[in-house]
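What's in upload-v4.cif: mmCIF, C-alpha atoms
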```cif
data_input
#
loop_
_atom_site.group_PDB
_atom_site.id
_atom_site.type_symbol
_atom_site.label_atom_id
_atom_site.label_comp_id
_atom_site.auth_asym_id
_atom_site.auth_seq_id
_atom_site.Cartn_x
_atom_site.Cartn_y
_atom_site.Cartn_z
ATOM 1 C CA MET A 19 27.519 34.200 10.437
ATOM 2 C CA LEU A 20 24.678 31.877 9.514
ATOM 3 C CA ASP A 21 25.357 29.387 12.319
ATOM 4 C CA VAL A 22 23.568 31.596 14.857
ATOM 5 C CA LEU A 23 20.207 31.383 13.084
ATOM 6 C CA THR A 24 17.492 29.978 15.299
ATOM 7 C CA LEU A 25 14.428 27.917 14.525
ATOM 8 C CA ASP A 26 12.399 30.497 16.401
ATOM 9 C CA GLN A 27 13.514 33.199 13.959
ATOM 10 C CA LEU A 28 12.620 31.039 10.974
ATOM 11 C CA ARG A 29 9.234 30.133 12.410
ATOM 12 C CA THR A 30 8.537 33.803 13.120
ATOM 13 C CA PHE A 31 9.523 34.695 9.552
ATOM 14 C CA VAL A 32 7.168 32.091 8.069
ATOM 15 C CA THR A 33 4.311 33.066 10.381
ATOM 16 C CA VAL A 34 4.572 36.779 9.515
ATOM 17 C CA ALA A 35 4.753 35.958 5.790
ATOM 18 C CA ASP A 36 1.661 33.730 6.049
ATOM 19 C CA SER A 37 -0.371 36.163 8.182
ATOM 20 C CA GLY A 38 0.490 39.272 6.140
ATOM 21 C CA SER A 39 1.576 41.579 8.949
ATOM 22 C CA PHE A 40 3.717 41.789 12.065
ATOM 23 C CA ARG A 41 0.609 42.359 14.187
ATOM 24 C CA SER A 42 -1.204 39.287 12.859
ATOM 25 C CA GLY A 43 1.960 37.231 13.145
ATOM 26 C CA ALA A 44 2.407 38.287 16.750
ATOM 27 C CA ALA A 45 -1.189 37.277 17.501
ATOM 28 C CA ARG A 46 -0.657 33.831 15.992
ATOM 29 C CA LEU A 47 2.539 33.379 17.988
ATOM 30 C CA SER A 48 0.994 34.802 21.188
ATOM 31 C CA ARG A 49 3.739 37.401 21.422
ATOM 32 C CA VAL A 50 3.898 41.176 21.535
ATOM 33 C CA GLN A 51 4.455 42.848 18.179
ATOM 34 C CA SER A 52 7.757 44.385 19.232
ATOM 35 C CA ALA A 53 9.237 40.932 19.963
ATOM 36 C CA VAL A 54 8.206 39.705 16.514
ATOM 37 C CA SER A 55 9.661 42.777 14.813
ATOM 38 C CA HIS A 56 12.888 42.320 16.776
ATOM 39 C CA ALA A 57 13.160 38.644 15.770
ATOM 40 C CA ILE A 58 12.687 39.505 12.077
ATOM 41 C CA ALA A 59 15.246 42.318 12.293
ATOM 42 C CA ASN A 60 17.783 39.965 13.874
ATOM 43 C CA LEU A 61 17.156 37.369 11.159
ATOM 44 C CA GLU A 62 17.644 39.968 8.441
ATOM 45 C CA ALA A 63 20.894 41.064 10.096
ATOM 46 C CA GLU A 64 22.161 37.485 10.220
ATOM 47 C CA LEU A 65 21.231 36.811 6.592
ATOM 48 C CA GLY A 66 22.441 40.176 5.347
ATOM 49 C CA VAL A 67 19.280 40.839 3.289
ATOM 50 C CA ALA A 68 15.961 42.572 3.855
ATOM 51 C CA LEU A 69 13.143 40.046 4.026
ATOM 52 C CA PHE A 70 10.293 42.566 4.120
ATOM 53 C CA ASP A 71 9.678 45.929 2.485
ATOM 54 C CA ARG A 72 8.216 48.045 5.274
ATOM 55 C CA THR A 73 7.588 51.246 3.283
ATOM 56 C CA GLY A 74 3.894 50.552 2.719
ATOM 57 C CA HIS A 75 0.929 50.094 5.038
ATOM 58 C CA ARG A 76 1.712 46.382 5.329
ATOM 59 C CA PRO A 77 5.082 44.641 5.126
ATOM 60 C CA VAL A 78 5.619 42.968 1.772
ATOM 61 C CA LEU A 79 8.129 40.236 1.055
ATOM 62 C CA THR A 80 11.128 41.423 -0.913
ATOM 63 C CA PRO A 81 12.344 39.243 -3.806
ATOM 64 C CA GLU A 82 15.048 37.957 -1.452
ATOM 65 C CA GLY A 83 12.447 37.282 1.220
ATOM 66 C CA GLN A 84 10.260 35.420 -1.254
ATOM 67 C CA ALA A 85 13.188 33.219 -2.302
ATOM 68 C CA LEU A 86 14.321 32.495 1.264
ATOM 69 C CA LEU A 87 10.779 31.780 2.463
ATOM 70 C CA ALA A 88 10.839 28.457 0.590
ATOM 71 C CA ASN A 89 14.093 27.527 2.354
ATOM 72 C CA ALA A 90 12.665 28.447 5.739
ATOM 73 C CA ARG A 91 9.575 26.301 5.143
ATOM 74 C CA ASP A 92 11.744 23.373 4.079
ATOM 75 C CA ILE A 93 13.952 23.630 7.174
ATOM 76 C CA LEU A 94 10.961 23.782 9.527
ATOM 77 C CA LEU A 95 9.293 20.849 7.770
ATOM 78 C CA ARG A 96 12.405 18.722 8.149
ATOM 79 C CA VAL A 97 12.806 19.669 11.805
ATOM 80 C CA ASP A 98 9.155 18.816 12.520
ATOM 81 C CA ALA A 99 9.604 15.481 10.720
ATOM 82 C CA MET A 100 12.706 14.768 12.808
ATOM 83 C CA ARG A 101 10.815 15.505 16.015
ATOM 84 C CA ALA A 102 7.937 13.255 14.930
ATOM 85 C CA ARG A 103 10.314 10.407 14.152
ATOM 86 C CA ALA A 104 12.106 10.847 17.470
ATOM 87 C CA ARG A 105 8.764 10.763 19.279
ATOM 88 C CA ASP A 106 7.766 7.606 17.402
ATOM 89 C CA LEU A 107 11.087 5.936 18.181
ATOM 90 C CA GLY A 108 10.602 6.745 21.834
ATOM 91 C CA GLU A 109 7.241 4.977 21.657
ATOM 92 C CA GLY A 110 8.765 1.918 19.963
ATOM 93 C CA VAL A 111 7.316 2.694 16.516
ATOM 94 C CA GLU A 112 8.891 0.810 13.624
ATOM 95 C CA LEU A 113 11.252 2.586 11.264
ATOM 96 C CA GLU A 114 9.776 0.479 8.454
ATOM 97 C CA LEU A 115 6.707 -1.705 7.927
ATOM 98 C CA SER A 116 7.584 -4.668 5.697
ATOM 99 C CA LEU A 117 4.687 -6.499 4.086
ATOM 100 C CA THR A 118 4.281 -9.338 1.574
ATOM 101 C CA VAL A 119 0.853 -9.721 -0.048
ATOM 102 C CA ASP A 120 -0.595 -12.731 -1.828
ATOM 103 C CA THR A 121 -1.125 -11.940 -5.502
ATOM 104 C CA LEU A 122 -4.784 -13.005 -5.166
ATOM 105 C CA PHE A 123 -5.541 -10.232 -2.671
ATOM 106 C CA PRO A 124 -6.822 -6.853 -3.947
ATOM 107 C CA ILE A 125 -3.864 -4.494 -3.735
ATOM 108 C CA ALA A 126 -6.139 -1.435 -3.593
ATOM 109 C CA ALA A 127 -7.286 -2.507 -0.120
ATOM 110 C CA ILE A 128 -3.656 -2.766 0.971
ATOM 111 C CA GLY A 129 -3.011 0.753 -0.288
ATOM 112 C CA ALA A 130 -6.003 2.152 1.571
ATOM 113 C CA ALA A 131 -4.960 0.497 4.858
ATOM 114 C CA LEU A 132 -1.370 1.688 4.463
ATOM 115 C CA THR A 133 -2.669 5.204 3.882
ATOM 116 C CA GLU A 134 -4.552 5.039 7.190
ATOM 117 C CA MET A 135 -1.413 3.778 8.926
ATOM 118 C CA ARG A 136 0.609 6.678 7.504
ATOM 119 C CA VAL A 137 -1.895 9.174 8.869
ATOM 120 C CA VAL A 138 -1.133 7.912 12.376
ATOM 121 C CA TYR A 139 2.582 7.204 11.837
ATOM 122 C CA PRO A 140 3.823 9.405 8.981
ATOM 123 C CA SER A 141 7.482 8.691 9.723
ATOM 124 C CA VAL A 142 7.199 4.931 9.063
ATOM 125 C CA SER A 143 8.622 3.769 5.725
ATOM 126 C CA ILE A 144 6.951 0.945 3.789
ATOM 127 C CA ARG A 145 8.429 -2.044 1.976
ATOM 128 C CA LEU A 146 5.781 -3.902 -0.016
ATOM 129 C CA ALA A 147 6.101 -7.090 -2.075
ATOM 130 C CA VAL A 148 3.434 -9.033 -3.966
ATOM 131 C CA GLU A 149 4.136 -12.758 -4.363
ATOM 132 C CA PRO A 150 2.105 -15.860 -5.320
ATOM 133 C CA LEU A 151 1.474 -19.135 -3.502
ATOM 134 C CA GLY A 152 4.158 -19.826 -0.873
ATOM 135 C CA GLY A 153 5.750 -16.388 -1.172
ATOM 136 C CA PRO A 154 3.956 -14.614 1.700
ATOM 137 C CA ILE A 155 4.509 -17.420 4.216
ATOM 138 C CA THR A 156 8.146 -17.793 3.148
ATOM 139 C CA SER A 157 8.718 -14.058 3.654
ATOM 140 C CA LEU A 158 7.694 -14.496 7.300
ATOM 141 C CA ILE A 159 9.716 -17.658 7.815
ATOM 142 C CA GLU A 160 12.797 -15.934 6.406
ATOM 143 C CA LYS A 161 12.006 -12.754 8.385
ATOM 144 C CA ARG A 162 11.858 -10.616 5.257
ATOM 145 C CA SER A 163 8.472 -9.247 6.294
ATOM 146 C CA ALA A 164 6.758 -8.361 9.545
ATOM 147 C CA LEU A 165 3.309 -9.024 8.104
ATOM 148 C CA ALA A 166 1.924 -11.087 5.250
ATOM 149 C CA ILE A 167 -1.438 -11.510 3.563
ATOM 150 C CA VAL A 168 -2.054 -15.184 2.822
ATOM 151 C CA VAL A 169 -4.902 -16.549 0.693
ATOM 152 C CA GLY A 170 -6.040 -20.168 1.000
ATOM 153 C CA GLU A 171 -5.278 -23.144 3.203
ATOM 154 C CA ASP A 172 -2.385 -24.656 1.270
ATOM 155 C CA PHE A 173 0.500 -23.262 3.304
ATOM 156 C CA ARG A 174 0.814 -23.462 7.069
ATOM 157 C CA ASP A 175 3.673 -23.208 9.539
ATOM 158 C CA PRO A 176 3.531 -23.586 13.336
ATOM 159 C CA ARG A 177 5.605 -20.403 13.713
ATOM 160 C CA ILE A 178 2.995 -18.293 11.934
ATOM 161 C CA ALA A 179 -0.159 -16.804 13.506
ATOM 162 C CA LEU A 180 -3.126 -16.303 11.178
ATOM 163 C CA GLU A 181 -6.151 -14.032 11.490
ATOM 164 C CA ALA A 182 -8.971 -14.459 8.959
ATOM 165 C CA ILE A 183 -10.152 -11.151 7.505
ATOM 166 C CA SER A 184 -12.128 -11.828 4.315
ATOM 167 C CA SER A 185 -12.742 -14.240 1.487
ATOM 168 C CA ILE A 186 -11.455 -14.123 -2.081
ATOM 169 C CA GLU A 187 -13.602 -15.421 -4.924
ATOM 170 C CA GLN A 188 -11.763 -17.016 -7.847
ATOM 171 C CA VAL A 189 -13.505 -17.714 -11.158
ATOM 172 C CA ALA A 190 -12.505 -19.863 -14.112
ATOM 173 C CA VAL A 191 -12.367 -17.583 -17.151
ATOM 174 C CA VAL A 192 -11.400 -17.638 -20.791
ATOM 175 C CA SER A 193 -11.559 -15.259 -23.731
ATOM 176 C CA PRO A 194 -14.907 -15.366 -25.593
ATOM 177 C CA GLY A 195 -13.265 -16.514 -28.852
ATOM 178 C CA HIS A 196 -11.453 -19.454 -27.230
ATOM 179 C CA PRO A 197 -13.009 -22.892 -27.883
ATOM 180 C CA LEU A 198 -13.914 -23.195 -24.195
ATOM 181 C CA GLY A 199 -15.550 -19.772 -24.365
ATOM 182 C CA LEU A 200 -17.642 -20.846 -27.317
ATOM 183 C CA ARG A 201 -18.446 -24.160 -25.616
ATOM 184 C CA SER A 202 -19.572 -22.376 -22.447
ATOM 185 C CA LYS A 203 -22.437 -20.778 -24.365
ATOM 186 C CA SER A 204 -23.992 -24.142 -25.177
ATOM 187 C CA GLY A 205 -23.627 -26.077 -21.944
ATOM 188 C CA ASP A 206 -21.480 -27.399 -19.147
ATOM 189 C CA VAL A 207 -17.760 -27.896 -19.743
ATOM 190 C CA ASP A 208 -16.504 -31.118 -18.184
ATOM 191 C CA LEU A 209 -13.078 -32.209 -17.018
ATOM 192 C CA PRO A 210 -11.937 -33.806 -20.323
ATOM 193 C CA ASP A 211 -12.779 -30.556 -22.105
ATOM 194 C CA LEU A 212 -10.588 -28.582 -19.702
ATOM 195 C CA ALA A 213 -7.748 -31.093 -20.091
ATOM 196 C CA ASP A 214 -7.810 -30.624 -23.847
ATOM 197 C CA HIS A 215 -6.771 -26.997 -23.601
ATOM 198 C CA LEU A 216 -3.808 -25.072 -22.291
ATOM 199 C CA GLN A 217 -4.191 -23.938 -18.674
ATOM 200 C CA ILE A 218 -2.454 -20.741 -17.531
ATOM 201 C CA VAL A 219 -1.058 -21.231 -14.016
ATOM 202 C CA LEU A 220 1.102 -19.300 -11.600
ATOM 203 C CA GLY A 221 4.518 -20.641 -10.719
ATOM 204 C CA ASP A 222 5.656 -20.665 -7.091
ATOM 205 C CA PRO A 223 8.930 -18.785 -6.477
ATOM 206 C CA THR A 224 9.459 -20.816 -3.284
ATOM 207 C CA PRO A 225 10.119 -24.539 -2.682
ATOM 208 C CA LEU A 226 6.935 -24.892 -0.610
ATOM 209 C CA SER A 227 4.947 -26.155 -3.619
ATOM 210 C CA GLU A 228 7.542 -28.696 -4.699
ATOM 211 C CA GLY A 229 5.826 -31.961 -5.595
ATOM 212 C CA ARG A 230 2.375 -30.412 -5.238
ATOM 213 C CA SER A 231 -0.086 -28.878 -7.671
ATOM 214 C CA PHE A 232 -2.992 -26.577 -6.946
ATOM 215 C CA GLY A 233 -6.034 -26.609 -9.210
ATOM 216 C CA ILE A 234 -4.133 -27.859 -12.250
ATOM 217 C CA LEU A 235 -6.526 -29.932 -14.354
ATOM 218 C CA SER A 236 -4.811 -29.923 -17.735
ATOM 219 C CA PRO A 237 -1.583 -31.689 -18.723
ATOM 220 C CA GLN A 238 -0.939 -28.700 -20.958
ATOM 221 C CA THR A 239 0.200 -25.729 -18.896
ATOM 222 C CA CYS A 240 1.755 -22.330 -19.336
ATOM 223 C CA ARG A 241 3.474 -21.303 -16.097
ATOM 224 C CA VAL A 242 3.848 -17.597 -15.495
ATOM 225 C CA SER A 243 5.482 -15.602 -12.715
ATOM 226 C CA SER A 244 2.804 -12.989 -11.988
ATOM 227 C CA GLN A 245 -0.952 -12.648 -11.783
ATOM 228 C CA ASP A 246 -0.920 -9.771 -14.254
ATOM 229 C CA THR A 247 0.863 -11.963 -16.809
ATOM 230 C CA LYS A 248 -1.658 -14.737 -16.250
ATOM 231 C CA HIS A 249 -4.484 -12.260 -16.745
ATOM 232 C CA ALA A 250 -2.920 -10.936 -19.953
ATOM 233 C CA MET A 251 -2.378 -14.418 -21.412
ATOM 234 C CA ILE A 252 -5.984 -15.422 -20.754
ATOM 235 C CA LEU A 253 -7.217 -12.172 -22.296
ATOM 236 C CA ALA A 254 -5.060 -12.913 -25.351
ATOM 237 C CA GLY A 255 -6.834 -16.268 -25.835
ATOM 238 C CA LEU A 256 -3.777 -18.399 -25.111
ATOM 239 C CA GLY A 257 -5.594 -20.573 -22.577
ATOM 240 C CA TRP A 258 -7.934 -20.685 -19.603
ATOM 241 C CA GLY A 259 -7.375 -20.256 -15.899
ATOM 242 C CA ARG A 260 -8.704 -19.049 -12.572
ATOM 243 C CA LEU A 261 -8.397 -15.412 -11.544
ATOM 244 C CA PRO A 262 -9.730 -13.454 -8.566
ATOM 245 C CA PHE A 263 -13.144 -11.977 -9.250
ATOM 246 C CA TRP A 264 -12.028 -8.467 -8.252
ATOM 247 C CA GLN A 265 -9.463 -8.579 -11.054
ATOM 248 C CA VAL A 266 -11.805 -9.770 -13.827
ATOM 249 C CA GLU A 267 -15.156 -8.269 -12.798
ATOM 250 C CA ARG A 268 -14.929 -5.482 -15.360
ATOM 251 C CA ASP A 269 -13.626 -7.831 -18.061
ATOM 252 C CA LEU A 270 -16.641 -10.093 -17.535
ATOM 253 C CA TYR A 271 -19.057 -7.167 -17.528
ATOM 254 C CA GLU A 272 -17.616 -5.702 -20.734
ATOM 255 C CA GLY A 273 -17.304 -9.068 -22.488
ATOM 256 C CA ARG A 274 -13.517 -9.353 -22.762
ATOM 257 C CA LEU A 275 -13.689 -12.553 -20.718
ATOM 258 C CA VAL A 276 -16.390 -15.153 -20.074
ATOM 259 C CA ARG A 277 -16.808 -17.677 -17.311
ATOM 260 C CA VAL A 278 -15.944 -21.273 -18.069
ATOM 261 C CA ALA A 279 -19.213 -23.126 -17.494
ATOM 262 C CA THR A 280 -17.775 -25.947 -15.401
ATOM 263 C CA THR A 281 -18.560 -27.531 -12.064
ATOM 264 C CA ALA A 282 -15.109 -29.132 -11.955
ATOM 265 C CA LEU A 283 -13.768 -25.892 -10.422
ATOM 266 C CA GLY A 284 -16.551 -25.087 -7.998
ATOM 267 C CA ARG A 285 -20.176 -24.200 -8.550
ATOM 268 C CA LYS A 286 -20.422 -21.989 -11.646
ATOM 269 C CA GLY A 287 -16.672 -22.345 -11.986
ATOM 270 C CA GLN A 288 -16.161 -20.333 -8.821
ATOM 271 C CA VAL A 289 -14.402 -21.109 -5.560
ATOM 272 C CA SER A 290 -13.972 -19.109 -2.370
ATOM 273 C CA SER A 291 -10.748 -18.963 -0.347
ATOM 274 C CA GLU A 292 -10.137 -17.377 3.027
ATOM 275 C CA ALA A 293 -7.679 -14.491 3.308
ATOM 276 C CA TYR A 294 -5.544 -14.078 6.432
ATOM 277 C CA ILE A 295 -3.267 -11.499 7.997
ATOM 278 C CA ALA A 296 -0.208 -13.432 9.185
ATOM 279 C CA HIS A 297 2.802 -12.734 11.372
ATOM 280 C CA ARG A 298 5.453 -14.665 13.265
ATOM 281 C CA LEU A 299 4.539 -15.726 16.794
ATOM 282 C CA ASP A 300 8.022 -14.841 18.048
ATOM 283 C CA GLU A 301 8.058 -11.356 16.492
ATOM 284 C CA PRO A 302 5.747 -8.933 18.317
ATOM 285 C CA LEU A 303 4.040 -6.416 16.051
ATOM 286 C CA GLY A 304 4.872 -2.754 16.419
ATOM 287 C CA PRO A 305 2.308 0.061 16.687
ATOM 288 C CA ALA A 306 2.280 0.794 12.937
ATOM 289 C CA ALA A 307 1.681 -2.870 12.084
ATOM 290 C CA HIS A 308 -1.214 -2.968 14.559
ATOM 291 C CA VAL A 309 -2.815 0.116 12.987
ATOM 292 C CA PHE A 310 -2.433 -1.370 9.492
ATOM 293 C CA ARG A 311 -3.845 -4.734 10.571
ATOM 294 C CA THR A 312 -6.877 -3.129 12.228
ATOM 295 C CA ALA A 313 -7.543 -0.858 9.239
ATOM 296 C CA LEU A 314 -7.326 -3.712 6.735
ATOM 297 C CA ALA A 315 -9.553 -5.997 8.808
ATOM 298 C CA GLN A 316 -12.204 -3.285 9.084
ATOM 299 C CA MET A 317 -12.085 -2.479 5.365
ATOM 300 C CA THR A 318 -12.431 -6.060 4.224
ATOM 301 C CA ALA A 319 -14.885 -7.341 6.830
ATOM 302 C CA ALA A 320 -18.133 -8.642 5.386
ATOM 303 C CA PRO A 321 -21.169 -6.487 6.293
ATOM 304 C CA ALA A 322 -23.371 -7.837 9.047
ATOM 305 C CA ASN A 323 -26.561 -9.535 7.913
#
```
Can you give me the file's structure in the form of structure tokens?
Amino acid sequence: MLDVLTLDQLRTFVTVADSGSFRSGAARLSRVQSAVSHAIANLEAELGVALFDRTGHRPVLTPEGQALLANARDILLRVDAMRARARDLGEGVELELSLTVDTLFPIAAIGAALTEMRVVYPSVSIRLAVEPLGGPITSLIEKRSALAIVVGEDFRDPRIALEAISSIEQVAVVSPGHPLGLRSKSGDVDLPDLADHLQIVLGDPTPLSEGRSFGILSPQTCRVSSQDTKHAMILAGLGWGRLPFWQVERDLYEGRLVRVATTALGRKGQVSSEAYIAHRLDEPLGPAAHVFRTALAQMTAAPAN
């Protein structure tokens, strides 16, 4: 009957297979060799197959042993994961870390910080959304996320605590063949020039921007739902717009995009916005959220002068 198998037998089986002999396995398990041999014999009796061929100088896995070794490893892995999760739950660790990130923030930094969090709390699941404008703040207000990354000063709520972590540089860009790209080579582009051409802008999926506009200088607009779409439309020459420098740095270097030579959108067409880690004041952060927040703040902190 298979219901009398023990985890100790399975762990002994895996240890002997990994070490290559009953003697080495016993040493790893801090047991006498006879106890290890007895445990393997009992396991073989329960399974009804020989796991090791003992006719040679060293025990060798039989084909059946080789096949069942993968099952034993899987069972032990799942049991260890269950114990880790139980330990985390006992410490108040979240089952899931929910996070909404402003589309202007470099997602690679989020991935790196989440990786560090998972090293400490491997049992915590992750739910990640990337949203523009009022999306991150709204996710906290509606309690869809425990943490949010907010860029800029346009959205505030008294229920939300903010911690500044870095700055995001946005640059006005256009494709080199666009009229504004050609104009930028000869001199400064002024406000009427910008208004004469289609501006690619992000739409806000929330009502927080209703009746407000952010950095829109042209009456001609193309509203898109994602930063990647905005980037693609500007690359295609459809219009001009502002994009985070981290997203277009390579495009500028390789000549696929050029800066719009205007002071109407900051010096050299560039503006800096503060990035914040945000959470609700009435929702205490769990251990995993604290680890993520600390890791992200350290990664994005400006170097000391």
Please measure the separation of CA of Leu283 (chain A) and CA of Leu220 (chain A), giving the value in Å to one decimal.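 Computed distance, CA of Leu283 (chain A) to CA of Leu220 (chain A), equals 16.3 Å.
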In terms of all atoms listed in the file, the residue from A:Phe40, A:Ala53, A:Ala63, A:Arg268 at minimal distance from Val22 (chain A) is A:Ala63
I'd like the contact shell of Leu270 (chain A) - 12 Å cut-off, all atoms listed in the file, skipping same-chain residues fewer than 3 positions apart - returned as a PyMOL selection string. chain A and resi 189-194+199+253+261-267+273-278
Report as a ChimeraX atom specification the full result of the PyMOL selection byres ((chain A and resi 310) around 10) when it is applied to this structure. /A:115,128,130-136,138,165,305-309,311-316
What gap, in Å, lies between CA of Ala90 (chain A) and CA of Arg76 (chain A)?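 CA of Arg76 (chain A) lies 21.0 Å from CA of Ala90 (chain A).
Distance check against Leu95 (chain A) using all atoms listed in the file: of A:Ile155, A:Val50, A:Leu117, A:Val32, the minimum falls on A:Val32.
Interatomic distance, CA of Pro197 (chain A) to CA of Trp258 (chain A): 10.0 Å.
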Output of the PyMOL selection byres ((chain A and resi 210) around 12), listed as a VMD selection string: chain A and resid 198 206 to 209 211 to 215 235 to 237 280 282
Cut-off 12 Å around (-0.3, 39.9, 9.0) with all atoms listed in the file: residues as a PyMOL selection string: chain A and resi 30-47+51+54-55+70+75-79
(7.8, 1.8, 9.4) in this file's frame - what residues fall within 7 Å of it? Use only C-alpha atoms and give the answer as number ranges by chain. A: 112-115, 141-144, 306
